[in-house]
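Asker: File upload.cif follows (mmCIF, C-alpha atoms):
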```cif
data_run
loop_
_atom_site.label_atom_id
_atom_site.label_comp_id
_atom_site.auth_asym_id
_atom_site.auth_seq_id
_atom_site.Cartn_x
_atom_site.Cartn_y
_atom_site.Cartn_z
CA MET A 1 -16.02 87.71 -52.41
CA LYS A 2 -13.25 86.86 -50.08
CA LEU A 3 -15.81 85.78 -47.49
CA ASN A 4 -17.67 83.59 -49.97
CA ARG A 5 -14.45 82.00 -51.11
CA THR A 6 -13.46 81.31 -47.53
CA LEU A 7 -16.82 79.69 -46.82
CA VAL A 8 -16.50 77.46 -49.90
CA LEU A 9 -13.04 76.33 -48.91
CA LEU A 10 -14.24 75.58 -45.37
CA PHE A 11 -17.18 73.58 -46.71
CA VAL A 12 -14.90 71.53 -48.98
CA PHE A 13 -12.53 70.85 -46.07
CA VAL A 14 -15.31 69.69 -43.75
CA LEU A 15 -16.79 67.51 -46.49
CA SER A 16 -13.41 65.88 -47.16
CA ILE A 17 -12.88 65.12 -43.47
CA SER A 18 -16.36 63.60 -43.19
CA MET A 19 -15.79 61.33 -46.19
CA LEU A 20 -12.44 60.27 -44.84
CA LEU A 21 -13.91 59.35 -41.44
CA SER A 22 -16.82 57.55 -43.10
CA GLY A 23 -14.46 55.46 -45.22
CA CYS A 24 -12.36 54.45 -42.22
CA SER A 25 -15.45 53.49 -40.28
CA THR A 26 -16.79 51.37 -43.17
CA GLU A 27 -13.44 49.59 -43.64
CA ASP A 28 -13.16 48.73 -39.95
CA GLY A 29 -16.75 47.58 -39.92
CA ASP A 30 -16.14 45.24 -42.87
CA LYS A 31 -13.12 43.73 -41.15
CA GLN A 32 -15.08 43.16 -37.93
CA GLY A 33 -17.85 41.55 -39.92
CA ASP A 34 -15.40 39.08 -41.47
CA THR A 35 -14.07 38.13 -38.01
CA THR A 36 -17.52 37.58 -36.61
CA GLU A 37 -18.39 35.17 -39.42
CA SER A 38 -15.26 33.01 -38.90
CA VAL A 39 -15.48 32.54 -35.09
CA SER A 40 -18.31 30.78 -33.29
CA VAL A 41 -19.97 32.55 -30.41
CA ASP A 42 -18.62 31.53 -26.98
CA THR A 43 -21.21 31.96 -24.26
CA THR A 44 -19.03 30.53 -21.49
CA PRO A 45 -18.76 32.96 -18.55
CA THR A 46 -15.44 34.76 -18.41
CA ASP A 47 -14.46 33.29 -15.01
CA ALA A 48 -15.26 29.76 -16.15
CA LYS A 49 -13.27 30.21 -19.38
CA THR A 50 -10.30 31.47 -17.43
CA GLU A 51 -10.41 28.48 -15.07
CA GLU A 52 -10.84 26.05 -17.96
CA GLN A 53 -7.90 27.50 -19.87
CA ALA A 54 -5.73 27.42 -16.75
CA ALA A 55 -6.70 23.81 -16.07
CA SER A 56 -5.85 22.74 -19.61
CA THR A 57 -2.63 24.64 -20.14
CA ASP A 58 -0.96 25.42 -16.81
CA GLU A 59 1.57 22.89 -15.53
CA VAL A 60 1.01 21.82 -11.93
CA THR A 61 3.83 20.43 -9.80
CA ILE A 62 2.73 17.68 -7.44
CA LYS A 63 5.17 17.15 -4.60
CA ILE A 64 5.27 13.62 -3.18
CA LEU A 65 6.83 12.83 0.19
CA TYR A 66 8.72 9.56 -0.15
CA PRO A 67 11.58 8.34 2.10
CA TRP A 68 13.83 6.16 -0.06
CA GLY A 69 15.51 8.47 -2.52
CA GLN A 70 15.22 9.49 -6.15
CA ASP A 71 16.07 6.15 -7.79
CA ALA A 72 13.38 4.23 -5.91
CA PHE A 73 10.96 7.11 -6.43
CA ASP A 74 11.53 7.12 -10.19
CA LYS A 75 10.78 3.40 -10.43
CA LEU A 76 7.35 4.05 -8.97
CA PHE A 77 6.46 7.30 -10.73
CA LYS A 78 8.67 7.75 -13.78
CA ASP A 79 5.96 7.19 -16.40
CA ILE A 80 3.07 9.01 -14.72
CA ASP A 81 4.37 12.39 -15.94
CA GLU A 82 3.97 11.11 -19.49
CA LYS A 83 0.38 10.04 -18.90
CA LEU A 84 -0.52 13.37 -17.27
CA PRO A 85 1.20 15.98 -19.47
CA ASN A 86 0.08 18.99 -17.41
CA ILE A 87 1.37 17.52 -14.16
CA LYS A 88 4.99 17.46 -13.07
CA ILE A 89 5.95 15.12 -10.24
CA GLU A 90 8.61 16.10 -7.73
CA LEU A 91 10.18 14.16 -4.85
CA VAL A 92 10.18 15.47 -1.30
CA ASP A 93 12.78 13.18 0.24
CA SER A 94 11.56 12.91 3.82
CA GLN A 95 9.63 10.69 6.23
CA ALA A 96 6.00 10.76 7.31
CA GLN A 97 6.89 10.93 10.99
CA LEU A 98 6.08 13.68 13.44
CA GLU A 99 9.38 15.58 13.60
CA PRO A 100 10.20 15.50 9.84
CA LEU A 101 6.65 16.62 9.06
CA GLN A 102 6.88 19.47 11.55
CA GLU A 103 10.19 20.55 10.01
CA LEU A 104 8.64 20.62 6.53
CA ASN A 105 5.68 22.62 7.82
CA ALA A 106 8.03 25.13 9.47
CA LYS A 107 9.81 25.57 6.14
CA GLN A 108 6.45 25.93 4.38
CA ILE A 109 7.18 22.92 2.20
CA VAL A 110 3.80 21.39 1.42
CA PRO A 111 3.89 17.89 -0.08
CA ASP A 112 0.67 17.23 -1.95
CA ILE A 113 0.89 13.46 -1.49
CA ILE A 114 2.43 11.68 1.50
CA TYR A 115 3.59 8.07 1.55
CA ALA A 116 2.51 7.02 5.05
CA ASN A 117 4.65 3.94 5.56
CA TRP A 118 5.07 4.77 9.27
CA GLY A 119 1.33 4.85 9.78
CA ILE A 120 -1.03 7.80 10.02
CA ASP A 121 -0.80 8.80 13.70
CA ALA A 122 1.53 11.73 13.03
CA LEU A 123 -0.62 12.89 10.11
CA LYS A 124 -3.71 12.74 12.32
CA GLU A 125 -1.99 14.70 15.06
CA LEU A 126 -1.02 17.42 12.58
CA ASP A 127 -4.44 17.35 10.89
CA MET A 128 -2.89 16.72 7.48
CA ILE A 129 -5.25 14.05 6.09
CA GLU A 130 -7.70 14.86 3.29
CA PRO A 131 -10.22 11.97 3.01
CA LEU A 132 -10.75 10.86 -0.55
CA ASP A 133 -14.52 10.39 -0.76
CA GLU A 134 -15.40 13.79 -2.24
CA LEU A 135 -12.57 13.51 -4.77
CA ILE A 136 -13.70 10.00 -5.69
CA GLU A 137 -17.19 11.31 -6.33
CA SER A 138 -16.17 14.42 -8.27
CA HIS A 139 -13.75 12.44 -10.46
CA GLN A 140 -16.23 9.54 -10.80
CA PHE A 141 -13.49 7.10 -9.83
CA ASP A 142 -14.40 3.41 -9.52
CA LEU A 143 -12.85 1.67 -6.49
CA SER A 144 -14.24 -1.76 -7.32
CA GLY A 145 -11.04 -2.99 -8.99
CA ILE A 146 -8.94 -2.51 -5.84
CA ASP A 147 -8.51 -5.26 -3.24
CA PRO A 148 -11.63 -4.76 -1.07
CA SER A 149 -9.88 -5.84 2.13
CA ILE A 150 -7.48 -2.89 1.82
CA ILE A 151 -10.28 -0.41 1.13
CA ALA A 152 -12.22 -1.80 4.11
CA TYR A 153 -9.22 -1.34 6.40
CA TRP A 154 -8.64 2.30 5.49
CA ARG A 155 -12.31 3.06 6.05
CA LEU A 156 -12.48 1.23 9.36
CA VAL A 157 -9.60 3.17 10.90
CA ASP A 158 -11.62 6.38 10.46
CA SER A 159 -14.37 7.09 12.98
CA GLU A 160 -16.59 8.42 10.18
CA GLY A 161 -15.89 5.58 7.75
CA ARG A 162 -14.15 7.83 5.24
CA LEU A 163 -11.45 6.47 2.94
CA LEU A 164 -8.26 8.00 4.28
CA GLY A 165 -5.78 6.98 1.59
CA MET A 166 -5.10 5.25 -1.70
CA PRO A 167 -3.27 1.91 -1.42
CA THR A 168 0.30 1.61 -2.69
CA ALA A 169 1.39 -2.05 -2.74
CA SER A 170 -0.43 -5.02 -1.27
CA ASP A 171 0.99 -7.13 1.56
CA ASN A 172 -0.33 -10.65 1.21
CA TYR A 173 1.19 -14.06 1.95
CA THR A 174 2.40 -17.20 0.23
CA MET A 175 4.48 -20.22 1.15
CA TYR A 176 7.85 -20.92 -0.46
CA TYR A 177 9.51 -24.32 -0.31
CA ASN A 178 12.99 -25.54 -1.20
CA LYS A 179 12.82 -28.54 -3.51
CA GLU A 180 16.37 -29.61 -2.57
CA VAL A 181 15.42 -30.10 1.08
CA PHE A 182 12.28 -32.04 0.14
CA ASP A 183 14.34 -34.26 -2.18
CA LEU A 184 16.96 -34.82 0.54
CA PHE A 185 14.29 -36.05 2.97
CA GLY A 186 12.37 -37.95 0.29
CA VAL A 187 9.18 -36.04 0.96
CA PRO A 188 6.72 -35.15 -1.83
CA TYR A 189 6.40 -31.46 -2.63
CA PRO A 190 3.52 -29.69 -0.82
CA ALA A 191 0.06 -29.62 -2.32
CA LYS A 192 -1.74 -26.41 -3.21
CA ASP A 193 -4.58 -27.06 -0.78
CA LEU A 194 -2.61 -27.56 2.44
CA THR A 195 -4.34 -27.12 5.78
CA TRP A 196 -2.45 -25.95 8.86
CA ASP A 197 -2.68 -29.40 10.46
CA ALA A 198 -1.21 -30.93 7.31
CA MET A 199 1.57 -28.35 7.58
CA VAL A 200 2.38 -29.59 11.08
CA ASP A 201 2.82 -33.14 9.77
CA LEU A 202 4.90 -31.93 6.83
CA ALA A 203 7.13 -29.81 9.06
CA LYS A 204 7.79 -32.84 11.30
CA LYS A 205 8.95 -34.92 8.34
CA LEU A 206 11.34 -32.19 7.19
CA THR A 207 12.94 -31.40 10.54
CA GLY A 208 16.05 -33.38 11.39
CA GLU A 209 19.75 -33.84 10.78
CA ARG A 210 21.29 -34.95 7.50
CA ASP A 211 25.04 -35.15 6.86
CA GLY A 212 25.77 -33.19 10.02
CA ILE A 213 23.43 -30.34 9.09
CA GLN A 214 20.31 -29.56 11.10
CA TYR A 215 17.31 -28.90 8.85
CA HIS A 216 14.17 -27.11 9.95
CA GLY A 217 10.83 -27.94 8.43
CA LEU A 218 9.22 -24.52 8.61
CA GLU A 219 10.00 -20.90 9.36
CA MET A 220 7.38 -18.27 10.18
CA GLY A 221 9.44 -15.22 10.92
CA PRO A 222 12.69 -15.10 12.94
CA GLY A 223 12.62 -17.68 15.69
CA PHE A 224 9.23 -18.90 14.52
CA ALA A 225 7.71 -15.81 16.14
CA GLY A 226 7.61 -12.98 13.60
CA THR A 227 4.48 -11.29 12.31
CA GLU A 228 4.32 -14.11 9.74
CA ALA A 229 3.54 -16.45 12.65
CA LEU A 230 0.24 -14.59 13.06
CA VAL A 231 -0.99 -15.54 9.58
CA PRO A 232 -3.25 -18.39 10.84
CA LEU A 233 -4.84 -16.02 13.36
CA LYS A 234 -5.29 -13.29 10.75
CA GLN A 235 -7.24 -15.72 8.60
CA LEU A 236 -9.75 -16.03 11.48
CA ASN A 237 -10.44 -12.28 11.29
CA VAL A 238 -10.78 -11.43 14.98
CA ASN A 239 -9.97 -8.45 17.18
CA LEU A 240 -7.85 -8.87 20.29
CA THR A 241 -9.50 -5.90 21.98
CA ASP A 242 -12.82 -4.07 21.99
CA PRO A 243 -12.53 -1.11 19.57
CA GLU A 244 -14.73 1.10 21.76
CA THR A 245 -13.60 0.34 25.29
CA GLY A 246 -10.14 -1.19 24.85
CA GLU A 247 -11.16 -4.29 26.80
CA VAL A 248 -8.70 -7.14 26.15
CA LEU A 249 -10.65 -10.04 24.65
CA ILE A 250 -8.02 -12.73 24.20
CA THR A 251 -9.23 -14.89 27.12
CA LYS A 252 -12.80 -14.78 25.73
CA GLU A 253 -12.06 -15.24 22.05
CA PRO A 254 -12.11 -18.95 21.00
CA ALA A 255 -10.18 -18.12 17.82
CA VAL A 256 -7.14 -17.05 19.86
CA THR A 257 -7.13 -20.33 21.78
CA LYS A 258 -7.57 -22.25 18.52
CA TYR A 259 -4.58 -20.42 17.06
CA LEU A 260 -2.34 -21.09 20.09
CA GLU A 261 -3.24 -24.77 20.02
CA LEU A 262 -1.91 -24.87 16.46
CA MET A 263 1.27 -23.00 17.38
CA LYS A 264 1.86 -25.38 20.30
CA LYS A 265 1.88 -28.26 17.81
CA PHE A 266 4.59 -26.54 15.80
CA TYR A 267 6.65 -25.72 18.90
CA SER A 268 6.46 -29.35 20.01
CA ILE A 269 8.49 -30.47 16.97
CA PRO A 270 12.06 -31.00 18.25
CA GLY A 271 14.60 -28.83 16.43
CA ILE A 272 12.15 -26.80 14.36
CA TYR A 273 13.18 -23.50 15.94
CA SER A 274 15.48 -21.92 18.47
CA SER A 275 15.03 -18.84 20.64
CA ASP A 276 18.83 -18.46 20.82
CA PRO A 277 19.90 -15.77 18.30
CA GLU A 278 23.35 -17.37 17.95
CA VAL A 279 21.83 -20.67 16.96
CA ARG A 280 19.13 -19.11 14.84
CA LYS A 281 21.50 -17.00 12.73
CA ASP A 282 22.98 -20.17 11.22
CA TYR A 283 19.72 -21.37 9.75
CA SER A 284 17.43 -19.64 7.34
CA PHE A 285 15.56 -20.31 4.16
CA GLN A 286 18.17 -18.54 2.04
CA ASN A 287 20.88 -20.75 3.60
CA LYS A 288 18.97 -23.76 2.25
CA ASN A 289 18.57 -25.51 5.62
CA VAL A 290 14.89 -24.56 6.03
CA ALA A 291 12.36 -26.49 3.99
CA MET A 292 9.41 -24.05 3.95
CA ILE A 293 8.75 -20.44 4.82
CA VAL A 294 5.52 -18.47 5.15
CA SER A 295 6.28 -14.99 3.88
CA TRP A 296 5.41 -12.28 1.38
CA PRO A 297 5.64 -12.76 -2.41
CA GLY A 298 8.45 -10.20 -2.37
CA TYR A 299 10.57 -12.34 -0.02
CA ILE A 300 12.28 -14.11 -2.90
CA LYS A 301 13.26 -10.69 -4.29
CA TRP A 302 14.39 -9.03 -1.05
CA GLY A 303 15.15 -12.00 1.21
CA ILE A 304 16.93 -14.21 -1.32
CA GLY A 305 17.78 -12.19 -4.39
CA ASP A 306 20.19 -14.78 -5.76
CA PRO A 307 18.76 -16.53 -8.87
CA GLU A 308 20.99 -19.56 -8.21
CA ILE A 309 19.32 -20.14 -4.85
CA ALA A 310 15.91 -19.17 -6.14
CA LYS A 311 15.95 -21.69 -8.99
CA ASN A 312 15.25 -24.52 -6.54
CA VAL A 313 12.48 -22.60 -4.80
CA GLN A 314 8.80 -22.95 -5.64
CA SER A 315 5.63 -21.59 -4.07
CA VAL A 316 2.16 -22.76 -3.10
CA PRO A 317 -0.75 -20.80 -1.64
CA VAL A 318 -0.61 -20.08 2.08
CA PRO A 319 -2.18 -22.95 4.14
CA VAL A 320 -5.77 -22.62 5.36
CA TRP A 321 -8.09 -23.72 8.13
CA PRO A 322 -10.34 -26.61 7.00
CA GLU A 323 -13.51 -24.66 7.75
CA LEU A 324 -12.18 -21.63 5.82
CA PRO A 325 -10.92 -23.05 2.53
CA ASN A 326 -9.32 -20.58 0.15
CA VAL A 327 -9.31 -17.77 2.75
CA ALA A 328 -6.22 -15.60 3.14
CA PRO A 329 -5.57 -12.90 5.73
CA ALA A 330 -6.83 -9.44 4.85
CA SER A 331 -4.30 -7.67 2.66
CA PHE A 332 -2.60 -4.56 3.96
CA SER A 333 -1.17 -1.58 2.16
CA HIS A 334 0.59 1.53 3.36
CA PRO A 335 -1.43 4.42 1.94
CA PHE A 336 -0.79 7.48 -0.13
CA ILE A 337 -2.38 10.37 1.77
CA ILE A 338 -3.45 13.61 0.12
CA ASN A 339 -2.32 16.50 2.29
CA LYS A 340 -5.21 18.55 3.66
CA TYR A 341 -3.14 21.69 3.01
CA SER A 342 -2.35 20.92 -0.62
CA GLU A 343 -3.46 23.57 -3.11
CA HIS A 344 -3.65 20.95 -5.88
CA LYS A 345 -5.89 18.22 -4.47
CA ASP A 346 -7.56 17.42 -7.80
CA ALA A 347 -4.24 17.07 -9.60
CA ALA A 348 -2.89 14.99 -6.71
CA PHE A 349 -5.90 12.70 -7.00
CA GLU A 350 -5.25 12.34 -10.73
CA VAL A 351 -1.75 11.13 -9.90
CA LEU A 352 -3.13 8.56 -7.46
CA THR A 353 -5.75 7.27 -9.88
CA GLU A 354 -3.07 6.85 -12.52
CA TYR A 355 -0.90 5.03 -9.96
CA VAL A 356 -3.60 2.39 -9.41
CA SER A 357 -4.55 2.14 -13.10
CA PRO A 358 -4.20 -1.34 -14.63
CA GLU A 359 -1.46 -0.12 -16.96
CA HIS A 360 0.69 1.34 -14.20
CA GLN A 361 0.00 -1.49 -11.77
CA THR A 362 1.11 -3.94 -14.45
CA LYS A 363 4.42 -2.08 -14.84
CA LEU A 364 4.94 -2.19 -11.07
CA ALA A 365 3.99 -5.87 -10.91
CA ARG A 366 6.60 -6.70 -13.52
CA ILE A 367 9.35 -5.36 -11.23
CA GLY A 368 8.00 -7.26 -8.22
CA ASP A 369 5.76 -4.68 -6.58
CA ARG A 370 2.62 -6.34 -5.27
CA PRO A 371 -0.40 -5.03 -7.18
CA VAL A 372 -3.38 -3.64 -5.28
CA LEU A 373 -5.79 -4.56 -8.06
CA THR A 374 -7.69 -7.83 -8.27
CA ASP A 375 -7.24 -8.08 -12.03
CA PRO A 376 -5.85 -11.54 -12.97
CA LYS A 377 -4.11 -10.02 -16.01
CA VAL A 378 -2.09 -7.80 -13.68
CA TYR A 379 -1.25 -10.74 -11.40
CA GLU A 380 0.08 -12.76 -14.32
CA GLU A 381 2.78 -10.15 -14.97
CA PHE A 382 4.18 -10.26 -11.43
CA GLY A 383 7.99 -10.52 -11.41
CA ALA A 384 8.22 -10.84 -15.20
CA GLU A 385 11.34 -8.64 -15.37
CA LEU A 386 13.17 -10.33 -12.48
CA GLU A 387 15.21 -13.49 -12.90
CA VAL A 388 14.45 -14.75 -9.38
CA TYR A 389 10.79 -15.25 -10.36
CA GLU A 390 11.49 -17.35 -13.44
CA GLY A 391 9.55 -20.60 -13.32
CA LYS A 392 7.67 -19.69 -10.16
CA ASP A 393 3.99 -20.41 -9.72
CA ILE A 394 2.88 -16.80 -9.60
CA SER A 395 -0.77 -17.82 -9.15
CA ALA A 396 0.14 -19.10 -5.67
CA PHE A 397 0.66 -15.53 -4.52
CA PHE A 398 -2.85 -14.42 -5.38
CA SER A 399 -5.14 -17.46 -5.50
CA ARG A 400 -6.54 -17.10 -1.98
CA LYS A 401 -9.28 -14.55 -1.28
CA PRO A 402 -8.41 -12.06 1.45
CA VAL A 403 -10.92 -11.92 4.28
CA ILE A 404 -12.70 -8.56 4.57
CA PRO A 405 -12.23 -6.97 8.01
CA THR A 406 -15.41 -5.77 9.70
CA THR A 407 -13.89 -3.94 12.66
CA ILE A 408 -10.45 -2.57 13.47
CA SER A 409 -9.35 -1.89 17.04
CA LYS A 410 -6.50 0.55 17.59
CA TRP A 411 -5.94 -1.09 20.97
CA ASP A 412 -4.81 -4.37 19.37
CA GLN A 413 -1.33 -2.90 18.93
CA TYR A 414 -0.85 -3.07 22.70
CA VAL A 415 -1.43 -6.84 22.77
CA ASP A 416 1.99 -8.16 21.80
CA LEU A 417 0.95 -11.66 20.85
CA SER A 418 3.70 -12.26 18.28
CA GLY A 419 6.34 -10.91 20.67
CA SER A 420 5.12 -13.27 23.37
CA LEU A 421 5.11 -16.46 21.32
CA LEU A 422 8.67 -17.48 22.21
CA LYS A 423 7.91 -17.02 25.89
CA PHE A 424 4.84 -19.18 25.38
CA SER A 425 6.85 -21.85 23.56
CA GLU A 426 9.44 -22.08 26.33
CA SER A 427 7.18 -21.89 29.36
CA ASP A 428 5.27 -24.59 31.17
CA MET A 429 2.13 -22.48 31.13
CA ASN A 430 -0.96 -23.87 29.52
CA ILE A 431 -2.88 -21.70 27.08
CA PRO A 432 -5.38 -20.20 29.58
CA GLU A 433 -2.52 -19.27 31.95
CA PHE A 434 -0.51 -17.71 29.16
CA LEU A 435 -3.47 -15.66 27.97
CA ARG A 436 -4.24 -14.41 31.49
CA VAL A 437 -0.67 -13.15 31.87
CA LEU A 438 -0.69 -11.53 28.43
CA LYS A 439 -4.06 -9.95 29.18
CA GLU A 440 -2.74 -8.32 32.36
CA GLU A 441 0.33 -6.99 30.55
CA SER A 442 -1.83 -5.65 27.72
CA GLU A 443 -4.33 -4.00 30.06
CA ALA A 444 -1.54 -2.04 31.73
CA LYS A 445 -0.26 -0.82 28.33
CA ILE A 446 -3.73 0.19 27.19
CA LYS A 447 -4.47 2.00 30.45
CA ASP A 448 -1.24 3.96 30.07
CA ALA A 449 -2.01 4.78 26.43
CA MET A 450 -5.47 6.00 27.36
CA ALA A 451 -4.04 8.20 30.11
CA LYS A 452 -1.73 9.80 27.52
CA GLY A 453 -4.64 10.36 25.16
CA GLN A 454 -3.27 8.05 22.50
#
```
Render the structure in this file as C-alpha cells.

Answerer:
Amino acid sequence: MKLNRTLVLLFVFVLSISMLLSGCSTEDGDKQGDTTESVSVDTTPTDAKTEEQAASTDEVTIKILYPWGQDAFDKLFKDIDEKLPNIKIELVDSQAQLEPLQELNAKQIVPDIIYANWGIDALKELDMIEPLDELIESHQFDLSGIDPSIIAYWRLVDSEGRLLGMPTASDNYTMYYNKEVFDLFGVPYPAKDLTWDAMVDLAKKLTGERDGIQYHGLEMGPGFAGTEALVPLKQLNVNLTDPETGEVLITKEPAVTKYLELMKKFYSIPGIYSSDPEVRKDYSFQNKNVAMIVSWPGYIKWGIGDPEIAKNVQSVPVPVWPELPNVAPASFSHPFIINKYSEHKDAAFEVLTEYVSPEHQTKLARIGDRPVLTDPKVYEEFGAELEVYEGKDISAFFSRKPVIPTTISKWDQYVDLSGSLLKFSESDMNIPEFLRVLKEESEAKIKDAMAKGQ
C-alpha cells in the first residue's frame, strides 16, 4: 500500500510538472507569434544591415586643412554641418606645404580634405592625392554645372587625365574704372565691348597731369607688370613651352609676339607707369589717380574696401581681341583635395559636393566669393551683402566665356614673362631680341629643374 501510494504521488508530481512546462511553452509561443505578425521580414544580409545602420546613424568628423583660421573657415563651411547632419566638420589650421604636411603626418593627424592654395606639388610628392573620378561615379555627381575651364585645368595637370580636386572659388577678370577720373578728363565711360586696341587709345586720353596730380590711364598689376598684365595673352590660350619636352616656344609662337606688340603700345604712353617703386607707391586705383584697372572681381572688396571710394567705381567686362569676341582667359581655382589616406572619403566627397551646390555657392557669392558654377542665378547674387558692390554691374564679372585649355605645360612656370615685362619696357631691344634673351634664361631654368627631377 505504501508503495502504491508512493507511485501515485510520483505520477501526480510528474504530471503537474509536465503541464506546467507545457503552459510556459504555449505562452511563449503565443508571444513570439504576435511579434512575428507585427514586424516585416528583413532579408538584408547581417553585414549589409550593420554597414547601413552605421552609415545612417554614426557621426563622422571630416577634418579640413585650411590656413586662415577659424573665423574665415566658418564663413566657408558654417552651414554645411546643418545640411549633412551625420557629418561634423573640423578645422585643421595648417598649410598645404611640404614641411607642415610632413609634421601633420608625423603626428598622425590625417586631414580628410586639403585646401591646396600653394599648389599640389607637395601633395604629389607625399602621394596624398585621391583623384575624384571614382567618387564622382559612385555618387552620380554631375560636373556640368561647374566652370568647364577649371575642370579642364585640373584634369590636364594629371598625366592620366583624372580630376585631382574640386574647385573652391573662381579667379576670373574684369575691368574697373573710376568715373571721377573720366569726368575730370572729359572722356566718355568705357563701353562693354572694348577691344585691347581701343583700350590703348582710351588709356592715352586718361594719362596726364591735372591740377598738379599725375593721372594714369590704366593699371595692370604693380608697375604695369603683374600677372594681370598677362590677361591678353591668356585669352589667346597658348603654352610657352612644350609639355612633353620642355622646349621653350616663345620665339616660335605668333601669339606671344602679338601680345608683346600690344604691351609695347601701352608702354609707349608717356607717364602711364613707372618702374620706380618710390614713384609707383604714390599712384594706385584706390588713391583715385588711376582711371582703369584690370583685376579680379574681388579687388573692390580686398583692394579698395572703402564704400566711399567704391561708390564712384564701375565695371565693364575685360577687353577682348577683335578676332576673339566675348572670350575671357580660362578661369582658375585652387582645389580642395581629398587625402588619399582619409578613412572617410565618401563623407569627404559629400562635403565637397555640398560646397559646390547652388545653394551654398549662392551664400558664398553674396559675401564676395567668386562662384565656380556657371548658373546665372548664382552670379546675380554676387556681393549682395557687401556695401562696396552696391550699384555695380555684376554681370561684367561673368559675361565673358572662359577659354577652355587644351594642354597645360608644367615648364611654363620657368618662363618669367610677367617678371620680364618691365625690363622689356625699359630696354632698346626689339621683340625678337627680347624673346631670344628670355628663351635662353628660361632654358637654363628648365634644364636645372629637370636635373633636380622637378

Asker: Taking (0.7, 3.2, -8.4) in the file's coordinates, which residues come within 7 Å, counting all atoms listed in the file, written as an MDAnalysis selection string?

Answerer: chainID A and resid 76 168 352 354:356 360:361

Asker: Residues within 7 Å of segment 407-412 of chain A, please, as a tab-separated table (two decimals) with C-alpha atoms, keeping the file's coordinate frame. Count all atoms listed in the file; anything in the same chain fewer than 4 positions from it doesn't count.

Answerer:
```tsv
chain	number	residue	atom	x	y	z
A	156	LEU	CA	-12.48	1.23	9.36
A	157	VAL	CA	-9.60	3.17	10.90
A	239	ASN	CA	-9.97	-8.45	17.18
A	240	LEU	CA	-7.85	-8.87	20.29
A	241	THR	CA	-9.50	-5.90	21.98
A	242	ASP	CA	-12.82	-4.07	21.99
A	243	PRO	CA	-12.53	-1.11	19.57
A	246	GLY	CA	-10.14	-1.19	24.85
A	446	ILE	CA	-3.73	0.19	27.19
```

Asker: Under the rule that only C-alpha atoms are counted, which of A:Ala348, A:Met450, A:Leu206, A:Ala191 is the nearest residue to Gln314 of chain A?

Answerer: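 Checking each candidate against Gln314 of chain A, we get A:Ala191 as the closest.
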
Asker: Given the file shown, enumerate the residues that the PyMOL selection byres ((chain A and resi 377) around 12) captures and present them as a tab-separated table (two decimals) with C-alpha atoms, in the frame of the given file.

Answerer:
```tsv
chain	number	residue	atom	x	y	z
A	358	PRO	CA	-4.20	-1.34	-14.63
A	359	GLU	CA	-1.46	-0.12	-16.96
A	361	GLN	CA	0.00	-1.49	-11.77
A	362	THR	CA	1.11	-3.94	-14.45
A	363	LYS	CA	4.42	-2.08	-14.84
A	365	ALA	CA	3.99	-5.87	-10.91
A	366	ARG	CA	6.60	-6.70	-13.52
A	371	PRO	CA	-0.40	-5.03	-7.18
A	373	LEU	CA	-5.79	-4.56	-8.06
A	374	THR	CA	-7.69	-7.83	-8.27
A	375	ASP	CA	-7.24	-8.08	-12.03
A	376	PRO	CA	-5.85	-11.54	-12.97
A	378	VAL	CA	-2.09	-7.80	-13.68
A	379	TYR	CA	-1.25	-10.74	-11.40
A	380	GLU	CA	0.08	-12.76	-14.32
A	381	GLU	CA	2.78	-10.15	-14.97
A	382	PHE	CA	4.18	-10.26	-11.43
A	394	ILE	CA	2.88	-16.80	-9.60
A	395	SER	CA	-0.77	-17.82	-9.15
A	398	PHE	CA	-2.85	-14.42	-5.38
```

Asker: Taking the file above as input, evaluate the PyMOL selection byres ((chain A and resi 425) around 12) and report the hits as a PyMOL selection string.

Answerer: chain A and resi 223-225+260-270+272-275+418-424+426-431+434

Asker: Please enumerate the residues selected by the PyMOL selection byres ((chain A and resi 330-335) around 8) when evaluated against the supplied file, formatted as an MDAnalysis selection string.

Answerer: chainID A and resid 115:117 119 147 149:150 153 165:172 234:235 237 328:329 336:337 402:405

Asker: Enumerate, as a list in words, the protein, DNA and RNA residues whose atoms approach (10.9, 7.9, 2.4) to within 8 Å, taking into account all atoms listed in the file and the coordinate frame of the file.

Answerer: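 Residues found, by chain and rising number: Leu65, Tyr66, Pro67, Trp68, Gly69, Asp93, Ser94, Gln95, Ala96 and Tyr115 of chain A.
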
Asker: Do you know which residues are at most 10 Å from segment 77-86 of chain A counting all atoms listed in the file, after dropping those on the same chain fewer than 2 positions away, and could you put them as a PyMOL selection string?

Answerer: chain A and resi 55-61+64+71-75+88-91+347+350-352+354-355+360+363-364

Asker: Distance atom CA of Lys179 of chain A-atom CA of Ala203 of chain A, one decimal place?

Answerer: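 These two atoms are separated by 13.9 Å.
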
Asker: Go through A:Asp142, A:Glu247, A:Asp306, A:Asp112 and flag the residue nearest Tyr414 of chain A, using only C-alpha atoms for the distances.

Answerer: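 Among A:Asp142, A:Glu247, A:Asp306, A:Asp112, it is A:Glu247 that comes nearest to Tyr414 of chain A.
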
Asker: What separation in Å, quoted to one decimal, exists between atom CA of Lys192 of chain A and atom CA of Ala255 of chain A?

Answerer: 24.1 Å

Asker: If you measure from atom CA of Glu390 of chain A to atom CA of Glu180 of chain A, what distance in Å do you get, rounded to one decimal?

Answerer: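 So the two atoms, atom CA of Glu390 of chain A and atom CA of Glu180 of chain A, lie 17.1 Å apart.
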
Asker: I'd like the contact shell of Ser138 of chain A - 10 Å cut-off, all atoms listed in the file, skipping same-chain residues fewer than 4 positions apart - returned as an MDAnalysis selection string.

Answerer: chainID A and resid 133:134 346

Asker: Considering all atoms listed in the file, state which residue in the set A:Val294, A:Ile309, A:Leu104, A:Leu249 is at the smallest distance from Thr227 of chain A.

Answerer: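 Comparing A:Val294, A:Ile309, A:Leu104, A:Leu249 against Thr227 of chain A, the winner is A:Val294.
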
Asker: Here is a test: counting only C-alpha atoms, which residue of A:Lys205, A:His344, A:Arg436, A:Arg280 is nearest to Ile113 of chain A?

Answerer: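 With only C-alpha atoms as the atom set, the closest residue is A:His344.
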
Asker: Identify, on the basis of only C-alpha atoms, every residue whose closest approach to Glu387 of chain A does not exceed 12 Å; exclude the query and any residue fewer than 4 positions from it along the same chain; express the result as JSON, numbers by chain.

Answerer: {"A": [300, 301, 304, 305, 306, 307, 308, 309, 310, 311, 366, 367, 368, 382, 383, 391, 392]}
